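Structure file final.cif (mmCIF, C-alpha atoms and all ligand atoms) follows.
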data_target
loop_
_atom_site.label_atom_id
_atom_site.label_comp_id
_atom_site.auth_asym_id
_atom_site.auth_seq_id
_atom_site.Cartn_x
_atom_site.Cartn_y
_atom_site.Cartn_z
CA MET P 3 -13.80 27.08 29.28
CA GLY P 4 -11.85 23.94 28.21
CA LEU P 5 -12.42 21.72 25.22
CA ARG P 6 -14.91 18.86 25.42
CA VAL P 7 -12.99 15.94 23.96
CA GLU P 8 -14.76 12.81 22.79
CA ARG P 9 -13.00 9.72 21.57
CA ALA P 10 -14.48 7.47 18.87
CA ALA P 11 -15.74 4.06 20.06
CA ALA P 12 -13.18 2.15 17.96
CA THR P 13 -9.64 3.52 18.11
CA GLY P 14 -6.18 1.94 18.22
CA PHE P 15 -4.96 -1.15 16.41
CA CYS P 16 -7.41 -3.09 14.29
CA PHE P 17 -7.56 -6.87 14.62
CA GLY P 18 -5.10 -7.42 11.73
CA VAL P 19 -2.45 -4.93 12.89
CA LYS P 20 -2.62 -6.16 16.50
CA ARG P 21 -2.17 -9.73 15.27
CA ALA P 22 0.79 -8.75 13.03
CA VAL P 23 2.54 -6.71 15.76
CA ASP P 24 2.06 -9.52 18.34
CA MET P 25 3.50 -12.08 15.90
CA LEU P 26 6.52 -9.86 15.18
CA ARG P 27 7.15 -9.21 18.88
CA ARG P 28 7.15 -12.95 19.59
CA VAL P 29 9.48 -13.80 16.67
CA ALA P 30 11.85 -10.89 17.41
CA GLN P 31 12.03 -11.90 21.07
CA LYS P 32 12.70 -15.55 20.26
CA ARG P 33 15.31 -14.90 17.57
CA GLY P 34 16.80 -11.66 18.84
CA GLY P 35 15.42 -9.75 15.82
CA VAL P 36 13.68 -10.29 12.49
CA GLU P 37 13.47 -8.64 9.06
CA THR P 38 10.15 -7.61 7.49
CA LEU P 39 9.58 -7.25 3.78
CA GLY P 40 8.29 -3.67 3.55
CA ALA P 41 6.85 -1.68 6.46
CA VAL P 42 4.62 -3.96 8.50
CA VAL P 43 2.22 -1.05 9.16
CA HIS P 44 2.06 2.52 7.86
CA ASN P 45 2.74 4.24 11.17
CA ARG P 46 6.12 5.73 12.11
CA GLN P 47 5.65 5.51 15.90
CA VAL P 48 4.82 1.79 15.71
CA LEU P 49 7.73 1.14 13.32
CA ARG P 50 10.11 2.92 15.72
CA HIS P 51 8.88 0.78 18.60
CA LEU P 52 9.35 -2.38 16.52
CA GLU P 53 12.82 -1.25 15.47
CA ASN P 54 13.74 -0.95 19.16
CA ILE P 55 12.91 -4.62 19.69
CA GLY P 56 14.96 -5.73 16.65
CA VAL P 57 12.46 -5.58 13.75
CA ARG P 58 14.26 -4.34 10.64
CA VAL P 59 12.50 -3.31 7.41
CA VAL P 60 13.98 -4.49 4.08
CA GLY P 61 12.77 -3.09 0.76
CA SER P 62 13.14 -6.16 -1.46
CA VAL P 63 13.71 -9.93 -1.41
CA ALA P 64 17.29 -9.29 -2.57
CA GLY P 65 17.85 -7.16 0.55
CA ILE P 66 17.02 -9.95 3.04
CA GLN P 67 20.12 -10.90 5.00
CA GLY P 68 18.84 -13.44 7.54
CA ASP P 69 17.20 -16.84 7.18
CA THR P 70 13.68 -15.64 8.13
CA VAL P 71 11.53 -12.81 6.85
CA ALA P 72 8.12 -11.55 7.91
CA ILE P 73 5.49 -10.60 5.34
CA SER P 74 3.47 -7.56 6.39
CA SER P 75 -0.26 -7.44 7.22
CA HIS P 76 -0.79 -6.05 3.69
CA GLY P 77 0.31 -9.37 2.16
CA VAL P 78 2.25 -10.06 -1.06
CA GLY P 79 1.62 -11.84 -4.36
CA PRO P 80 2.55 -15.51 -4.99
CA GLN P 81 5.59 -14.54 -7.11
CA VAL P 82 7.17 -12.84 -4.11
CA ILE P 83 6.56 -15.90 -1.93
CA GLU P 84 8.19 -18.10 -4.58
CA GLU P 85 11.17 -15.74 -4.78
CA ILE P 86 11.66 -15.91 -0.99
CA ARG P 87 11.31 -19.71 -0.91
CA ALA P 88 13.75 -20.04 -3.82
CA ARG P 89 16.37 -18.40 -1.60
CA GLY P 90 15.65 -20.94 1.18
CA ILE P 91 14.36 -18.24 3.54
CA ASP P 92 11.62 -19.07 6.11
CA ILE P 93 8.47 -16.96 6.07
CA VAL P 94 6.54 -15.55 9.03
CA ASP P 95 3.27 -14.62 7.37
CA THR P 96 1.43 -11.79 9.18
CA THR P 97 -0.94 -11.15 6.24
CA CYS P 98 -4.28 -10.07 7.74
CA PRO P 99 -7.01 -12.72 7.27
CA PHE P 100 -9.25 -10.05 5.67
CA VAL P 101 -6.55 -9.33 3.08
CA LYS P 102 -6.10 -13.07 2.57
CA ARG P 103 -9.84 -13.33 1.82
CA ALA P 104 -9.40 -10.76 -0.99
CA GLN P 105 -6.33 -12.66 -2.30
CA VAL P 106 -8.27 -15.94 -2.37
CA ALA P 107 -11.15 -14.22 -4.20
CA ALA P 108 -8.68 -12.90 -6.82
CA ARG P 109 -7.11 -16.34 -7.26
CA ARG P 110 -10.53 -18.01 -7.69
CA LEU P 111 -11.61 -15.38 -10.21
CA ALA P 112 -8.44 -15.96 -12.23
CA GLU P 113 -8.91 -19.74 -12.09
CA SER P 114 -12.46 -19.29 -13.43
CA GLY P 115 -11.22 -17.16 -16.33
CA PHE P 116 -12.25 -13.76 -14.97
CA PHE P 117 -10.36 -10.49 -15.37
CA THR P 118 -10.06 -8.86 -11.92
CA ILE P 119 -10.58 -5.19 -11.21
CA VAL P 120 -9.45 -4.06 -7.75
CA PHE P 121 -11.09 -0.84 -6.57
CA GLY P 122 -8.12 0.75 -4.82
CA ASP P 123 -4.81 2.55 -4.91
CA VAL P 124 -2.59 0.97 -7.57
CA ASP P 125 0.59 1.86 -5.62
CA HIS P 126 -0.53 0.36 -2.29
CA PRO P 127 1.26 -2.90 -1.33
CA GLU P 128 -2.02 -4.64 -0.44
CA VAL P 129 -3.45 -3.91 -3.91
CA LYS P 130 -0.25 -5.05 -5.64
CA GLY P 131 -0.40 -8.30 -3.66
CA ILE P 132 -4.06 -8.96 -4.53
CA LEU P 133 -3.33 -8.32 -8.21
CA GLY P 134 -0.47 -10.81 -7.98
CA TRP P 135 -3.03 -13.48 -6.99
CA ALA P 136 -5.13 -12.51 -10.05
CA GLY P 137 -2.36 -14.12 -12.11
CA GLY P 138 -1.52 -11.04 -14.17
CA LYS P 139 -5.12 -10.83 -15.44
CA GLY P 140 -6.25 -7.73 -13.65
CA MET P 141 -5.95 -4.02 -12.97
CA ALA P 142 -6.39 -1.59 -10.07
CA THR P 143 -8.23 1.68 -10.41
CA GLN P 144 -10.68 4.00 -8.65
CA ASP P 145 -12.04 5.29 -11.94
CA ALA P 146 -14.42 2.94 -13.76
CA THR P 147 -13.69 4.60 -17.11
CA ALA P 148 -10.11 3.25 -16.91
CA PHE P 149 -11.71 -0.13 -17.67
CA THR P 150 -14.79 0.84 -19.70
CA GLY P 151 -12.68 3.13 -21.91
CA ILE P 152 -10.41 0.37 -23.22
CA ASP P 153 -11.05 -1.22 -26.62
CA ASN P 154 -12.65 -4.66 -26.45
CA PRO P 155 -12.83 -4.87 -22.65
CA GLN P 156 -13.05 -8.35 -21.09
CA ARG P 157 -16.50 -9.94 -20.92
CA ARG P 158 -16.02 -11.85 -17.67
CA VAL P 159 -15.04 -9.42 -14.95
CA GLY P 160 -14.61 -9.80 -11.20
CA VAL P 161 -14.65 -6.70 -9.01
CA LEU P 162 -12.98 -6.57 -5.58
CA SER P 163 -12.11 -3.75 -3.23
CA GLN P 164 -8.96 -2.82 -1.33
CA THR P 165 -9.94 -3.73 2.26
CA THR P 166 -9.77 -0.15 3.55
CA GLN P 167 -11.93 1.64 0.98
CA ILE P 168 -15.15 3.55 1.79
CA PRO P 169 -18.13 1.16 1.20
CA ALA P 170 -20.33 3.83 -0.46
CA GLU P 171 -17.49 4.65 -2.90
CA PHE P 172 -17.06 0.97 -3.79
CA ALA P 173 -20.82 0.71 -4.42
CA ARG P 174 -20.67 3.81 -6.66
CA PHE P 175 -17.75 2.31 -8.62
CA ALA P 176 -19.59 -1.03 -9.01
CA ARG P 177 -22.74 0.76 -10.23
CA GLN P 178 -20.70 2.64 -12.86
CA LEU P 179 -19.30 -0.64 -14.10
CA ILE P 180 -22.77 -2.21 -14.25
CA ASP P 181 -24.03 0.80 -16.22
CA SER P 182 -21.25 0.82 -18.79
CA ALA P 183 -19.48 -2.55 -18.82
CA LEU P 184 -22.46 -4.88 -19.09
CA VAL P 185 -22.74 -5.67 -22.76
CA LYS P 186 -24.04 -8.74 -24.60
CA ASP P 187 -23.02 -12.03 -22.92
CA SER P 188 -20.89 -10.27 -20.35
CA GLU P 189 -20.67 -11.37 -16.72
CA LEU P 190 -19.85 -9.18 -13.76
CA ARG P 191 -19.04 -10.74 -10.38
CA ILE P 192 -18.83 -8.21 -7.54
CA ILE P 193 -17.31 -9.37 -4.25
CA ASP P 194 -17.30 -7.02 -1.28
CA THR P 195 -13.84 -7.43 0.27
CA ILE P 196 -13.91 -4.35 2.52
CA CYS P 197 -12.76 -5.28 6.03
CA HIS P 198 -15.35 -5.42 8.87
CA ASP P 199 -13.13 -3.44 11.24
CA ILE P 200 -12.79 -0.59 8.74
CA ARG P 201 -16.52 -0.56 8.06
CA ARG P 202 -17.28 -0.22 11.80
CA ARG P 203 -14.50 2.33 12.36
CA GLN P 204 -15.74 4.52 9.51
CA ALA P 205 -19.37 4.39 10.77
CA ASP P 206 -18.33 5.24 14.38
CA THR P 207 -16.09 8.06 13.19
CA LEU P 208 -18.79 9.55 10.99
CA SER P 209 -21.30 9.72 13.87
CA LEU P 210 -18.61 11.31 16.06
CA ALA P 211 -17.83 13.88 13.32
CA GLU P 212 -21.52 14.78 13.04
CA GLU P 213 -21.51 15.82 16.72
CA SER P 214 -18.10 17.56 16.67
CA GLU P 215 -16.98 21.02 15.63
CA LEU P 216 -13.54 19.64 14.76
CA VAL P 217 -12.11 16.13 14.39
CA LEU P 218 -8.53 14.98 14.76
CA VAL P 219 -7.66 11.74 12.98
CA VAL P 220 -4.52 10.27 14.55
CA GLY P 221 -2.70 8.24 11.92
CA GLY P 222 0.19 7.98 9.51
CA GLN P 223 0.33 10.31 6.50
CA THR P 224 0.76 7.24 4.27
CA SER P 225 -1.95 5.18 5.99
CA ALA P 226 -4.77 4.53 3.48
CA ASN P 227 -7.43 3.93 6.11
CA SER P 228 -6.50 7.10 8.07
CA ARG P 229 -6.81 9.18 4.90
CA HIS P 230 -10.25 7.71 4.25
CA LEU P 231 -11.35 8.70 7.76
CA VAL P 232 -10.19 12.26 6.99
CA GLU P 233 -12.11 12.19 3.70
CA LEU P 234 -15.32 11.06 5.46
CA CYS P 235 -15.06 13.53 8.38
CA SER P 236 -14.16 16.47 6.14
CA ARG P 237 -17.55 16.12 4.49
CA VAL P 238 -19.28 17.10 7.75
CA THR P 239 -16.79 19.07 9.87
CA GLU P 240 -13.31 20.60 10.06
CA THR P 241 -10.77 17.75 10.16
CA TYR P 242 -7.00 17.36 10.57
CA LEU P 243 -4.75 14.32 10.15
CA ILE P 244 -1.97 14.25 12.74
CA GLU P 245 0.66 11.65 13.55
CA THR P 246 1.42 12.79 17.11
CA ALA P 247 0.29 15.27 19.79
CA ASP P 248 3.19 17.58 18.81
CA GLU P 249 1.38 18.50 15.58
CA ILE P 250 -1.65 19.97 17.42
CA ARG P 251 -2.00 23.73 16.85
CA SER P 252 -3.95 25.71 19.48
CA SER P 253 -5.12 28.11 16.72
CA TRP P 254 -7.40 25.34 15.36
CA PHE P 255 -9.62 25.52 18.45
CA ARG P 256 -10.25 29.29 18.72
CA ASP P 257 -14.04 29.10 18.30
CA LYS P 258 -14.43 25.37 18.91
CA ARG P 259 -15.47 23.39 21.96
CA ARG P 260 -16.64 19.92 20.90
CA ILE P 261 -13.60 18.01 19.60
CA GLY P 262 -13.70 14.44 18.31
CA VAL P 263 -10.65 12.15 18.28
CA THR P 264 -10.41 9.05 16.17
CA SER P 265 -7.55 6.97 14.78
CA GLY P 266 -6.39 4.89 11.88
CA ALA P 267 -6.10 1.12 12.23
CA SER P 268 -2.32 1.17 12.78
CA THR P 269 -2.16 3.85 15.48
CA ASP P 270 -1.21 2.67 18.96
CA GLU P 271 -3.31 3.60 22.02
CA GLN P 272 -0.40 5.45 23.66
CA THR P 273 -0.21 7.99 20.81
CA ILE P 274 -3.99 8.56 21.01
CA ASP P 275 -3.80 8.98 24.82
CA GLU P 276 -1.10 11.64 24.35
CA VAL P 277 -3.32 13.51 21.86
CA VAL P 278 -6.32 13.44 24.22
CA LYS P 279 -4.14 14.56 27.14
CA LYS P 280 -2.75 17.50 25.18
CA LEU P 281 -6.24 18.55 24.08
CA GLU P 282 -7.50 18.40 27.66
CA SER P 283 -4.62 20.63 28.76
CA LEU P 284 -5.62 23.38 26.30
CA THR P 285 -7.82 26.10 27.71
S1 LIG C 1 -7.62 -2.68 8.44
FE1 LIG C 1 -8.79 -4.58 8.25
S2 LIG C 1 -7.80 -5.61 6.54
FE2 LIG C 1 -6.36 -4.05 7.21
S3 LIG C 1 -5.07 -5.06 8.70
FE3 LIG C 1 -6.75 -4.14 9.84
S4 LIG C 1 -8.29 -5.77 10.07
FE4 LIG C 1 -6.88 -6.35 8.43
#
Output the structure of this file as structure tokens.
Ligand code: SF4
Amino acid sequence: MGLRVERAAATGFCFGVKRAVDMLRRVAQKRGGVETLGAVVHNRQVLRHLENIGVRVVGSVAGIQGDTVAISSHGVGPQVIEEIRARGIDIVDTTCPFVKRAQVAARRLAESGFFTIVFGDVDHPEVKGILGWAGGKGMATQDATAFTGIDNPQRRVGVLSQTTQIPAEFARFARQLIDSALVKDSELRIIDTICHDIRRRQADTLSLAEESELVLVVGGQTSANSRHLVELCSRVTETYLIETADEIRSSWFRDKRRIGVTSGASTDEQTIDEVVKKLESLT
């Protein structure tokens, strides 16, 4: 008997990635190519496709060779924008509006004299960009004690989240801060900056995982939101993160019949179709 494959309700590009890829396609077509500062999305298949239409990734402002550069959907800090402008280079800004909302929140917190804590991965470009807007008065961590453990912590603190974090984990982090960082005269401002698409995708994926004996998350190994889907699904069922159909191992399905397929926000529909097709061909 074959596998019963069910696909999550929300798969494929999220709103922000679709918008960024469409913008890049248009610019590359018009100009015969364009450079992007950093990978525009964390997905190798999508990057390869973009490369084929003339989109070239550069690692730093110093590495830009042309007169136009695209900023990725993850966004950058204001210092980077100034650096690009200082070189007289035009900017195509594909920063996702949800990321922009977090950047604006960080800027407003800094203007009001708040220290900003971003709940997220300190090495992720989106988090670095948001911290840039906090004007150097902030930190990123997923461990509340990293802030509460410092001597004389700030009294006015704003708390934001990387857009792709798990809502329940952000709430847990905020509660820990309330429990240990609220001292005399202190002020804590918590702003939920988790993206709506991610919230819906995580909820859909979790209900799929609850009805599946095994879940495949199709997404890049470096994609933060794909890894969070794996984390959520692994709590209820066996889960694997794969980039393409070639990574599927038939040994995973020996005693399994109900298979769920979901994807990260930067995975294209074609790659997901190939995964579903391969699963359906297994007996
Ligand atoms: S996951 Fe959300 S915040 Fe990130 S690019 Fe997509 S829509 Fe924007």
Option closest in space to Thr264 of chain P, from P:Ala12, P:Leu284, P:Ile132, P:Val101 [counting all atoms listed in the file]:
P:Ala12
Padding of 8 Å on every side, edges along x, y and z, all listed atoms of ligand LIG 1 (chain C) included: what centre and edge lengths in Å, to one decimal, does that box have, as JSON?
{"center_x": -6.9, "center_y": -4.5, "center_z": 8.3, "size_x": 19.7, "size_y": 19.7, "size_z": 19.5}
Each residue of chain P with at least one atom at most 8 Å from ligand LIG 1 (chain C) should appear once, together with its nearest atom pair and the corresponding distance in Å (one decimal); atoms considered: all atoms listed in the file; ordering: chain, then increasing residue number; output as JSON lines.
{"residue": "P:Phe15", "atom": "CA", "partner": "C:LIG1", "partner_atom": "FE3", "distance": 7.4}
{"residue": "P:Cys16", "atom": "CA", "partner": "C:LIG1", "partner_atom": "FE3", "distance": 4.6}
{"residue": "P:Phe17", "atom": "CA", "partner": "C:LIG1", "partner_atom": "S4", "distance": 4.7}
{"residue": "P:Gly18", "atom": "CA", "partner": "C:LIG1", "partner_atom": "S3", "distance": 3.8}
{"residue": "P:Val19", "atom": "CA", "partner": "C:LIG1", "partner_atom": "S3", "distance": 4.9}
{"residue": "P:Ser75", "atom": "CA", "partner": "C:LIG1", "partner_atom": "S3", "distance": 5.6}
{"residue": "P:His76", "atom": "CA", "partner": "C:LIG1", "partner_atom": "S3", "distance": 6.7}
{"residue": "P:Thr97", "atom": "CA", "partner": "C:LIG1", "partner_atom": "S3", "distance": 7.8}
{"residue": "P:Cys98", "atom": "CA", "partner": "C:LIG1", "partner_atom": "FE4", "distance": 4.6}
{"residue": "P:Pro99", "atom": "CA", "partner": "C:LIG1", "partner_atom": "FE4", "distance": 6.5}
{"residue": "P:Phe100", "atom": "CA", "partner": "C:LIG1", "partner_atom": "S2", "distance": 4.8}
{"residue": "P:Val101", "atom": "CA", "partner": "C:LIG1", "partner_atom": "S2", "distance": 5.2}
{"residue": "P:Thr165", "atom": "CA", "partner": "C:LIG1", "partner_atom": "S2", "distance": 5.1}
{"residue": "P:Thr166", "atom": "CA", "partner": "C:LIG1", "partner_atom": "S1", "distance": 5.9}
{"residue": "P:Ile196", "atom": "CA", "partner": "C:LIG1", "partner_atom": "S2", "distance": 7.4}
{"residue": "P:Cys197", "atom": "CA", "partner": "C:LIG1", "partner_atom": "FE1", "distance": 4.6}
{"residue": "P:His198", "atom": "CA", "partner": "C:LIG1", "partner_atom": "FE1", "distance": 6.6}
{"residue": "P:Asp199", "atom": "CA", "partner": "C:LIG1", "partner_atom": "FE1", "distance": 5.4}
{"residue": "P:Ile200", "atom": "CA", "partner": "C:LIG1", "partner_atom": "S1", "distance": 5.6}
{"residue": "P:Asn227", "atom": "CA", "partner": "C:LIG1", "partner_atom": "S1", "distance": 7.0}
{"residue": "P:Ala267", "atom": "CA", "partner": "C:LIG1", "partner_atom": "S1", "distance": 5.6}
{"residue": "P:Ser268", "atom": "CA", "partner": "C:LIG1", "partner_atom": "FE3", "distance": 7.5}
So that I can check the surroundings of Thr246 of chain P, please list as a ChimeraX atom specification every protein, DNA and RNA residue that reaches within 9 Å of it, counting only C-alpha atoms and ignoring chain neighbours fewer than 2 positions away.
/P:47,220-221,244,248-250,273-274,276-277
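Nearest-residue note for Leu218 of chain P: choosing from P:Val263, P:Val60, P:Cys235, P:Ala176, the minimum distance belongs to P:Val263, counting all atoms listed in the file.
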Separation of atom CA of Gly35 of chain P and atom CA of Lys130 of chain P, in Å?
27.0 Å
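Minimum atom-to-atom distance to Ile119 of chain P, evaluated using all atoms listed in the file, belongs to P:Leu190 out of P:Ile83, P:Val185, P:Leu190, P:Ile91.
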Any idea what's packed within 12 Å of Gly138 of chain P, counting only C-alpha atoms, ignoring anything in its chain fewer than 2 positions away? Could you give it as a list in words?
Gly79, Pro80, Gln81, Ala108, Arg109, Leu111, Ala112, Glu113, Gly115, Phe116, Phe117, Thr118, Ile119, Lys130, Gly131, Ile132, Leu133, Gly134, Trp135, Ala136, Gly140, Met141 and Ala142 of chain P
Deliver the residues from the most recent selection as a file, using C-alpha atoms, as a CSV table (one decimal), keeping the file's coordinate frame.
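After the write, part_31.csv holds the following:
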chain,number,residue,atom,x,y,z
P,79,GLY,CA,1.6,-11.8,-4.4
P,80,PRO,CA,2.6,-15.5,-5.0
P,81,GLN,CA,5.6,-14.5,-7.1
P,108,ALA,CA,-8.7,-12.9,-6.8
P,109,ARG,CA,-7.1,-16.3,-7.3
P,111,LEU,CA,-11.6,-15.4,-10.2
P,112,ALA,CA,-8.4,-16.0,-12.2
P,113,GLU,CA,-8.9,-19.7,-12.1
P,115,GLY,CA,-11.2,-17.2,-16.3
P,116,PHE,CA,-12.2,-13.8,-15.0
P,117,PHE,CA,-10.4,-10.5,-15.4
P,118,THR,CA,-10.1,-8.9,-11.9
P,119,ILE,CA,-10.6,-5.2,-11.2
P,130,LYS,CA,-0.2,-5.0,-5.6
P,131,GLY,CA,-0.4,-8.3,-3.7
P,132,ILE,CA,-4.1,-9.0,-4.5
P,133,LEU,CA,-3.3,-8.3,-8.2
P,134,GLY,CA,-0.5,-10.8,-8.0
P,135,TRP,CA,-3.0,-13.5,-7.0
P,136,ALA,CA,-5.1,-12.5,-10.0
P,140,GLY,CA,-6.2,-7.7,-13.6
P,141,MET,CA,-6.0,-4.0,-13.0
P,142,ALA,CA,-6.4,-1.6,-10.1
Tell me, in Å to one decimal, how far atom CA of Thr150 of chain P is from atom CA of Leu234 of chain P.
27.2 Å
Any idea what's packed within 9 Å of Asn45 of chain P, counting all atoms listed in the file, ignoring anything in its chain fewer than 5 positions away? Could you give it as a VMD selection string?
chain P and resid 50 221 to 225 245 268 to 270
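The two atoms in question, atom CA of Gln167 of chain P and atom CA of Glu240 of chain P, are spaced 21.1 Å apart.
Nearest-residue note for Asp95 of chain P: choosing from P:Gln164, P:Asn154, P:Gln67, P:Ser74, the minimum distance belongs to P:Ser74, counting only C-alpha atoms.
Nearest residue to Gly61 of chain P, choosing from P:Asp206, P:Glu37, P:Asp153, P:Glu84 and counting only C-alpha atoms: P:Glu37.
Counting all atoms listed in the file and comparing P:Gln178, P:Thr70, P:Ser114, P:Thr207, the residue that lies closest to Arg89 of chain P is P:Thr70.
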Mind checking which residues fall within 10 Å of Ala173 of chain P, counting only C-alpha atoms, ignoring those fewer than 6 positions away in the same chain, and posting them as a count of residues only?
4
For Leu39 of chain P, find every residue with an atom within 9 Å (counting all atoms listed in the file), except residues of its own chain fewer than 5 positions away, and show them as a PyMOL selection string.
chain P and resi 58-63+65-66+71-74
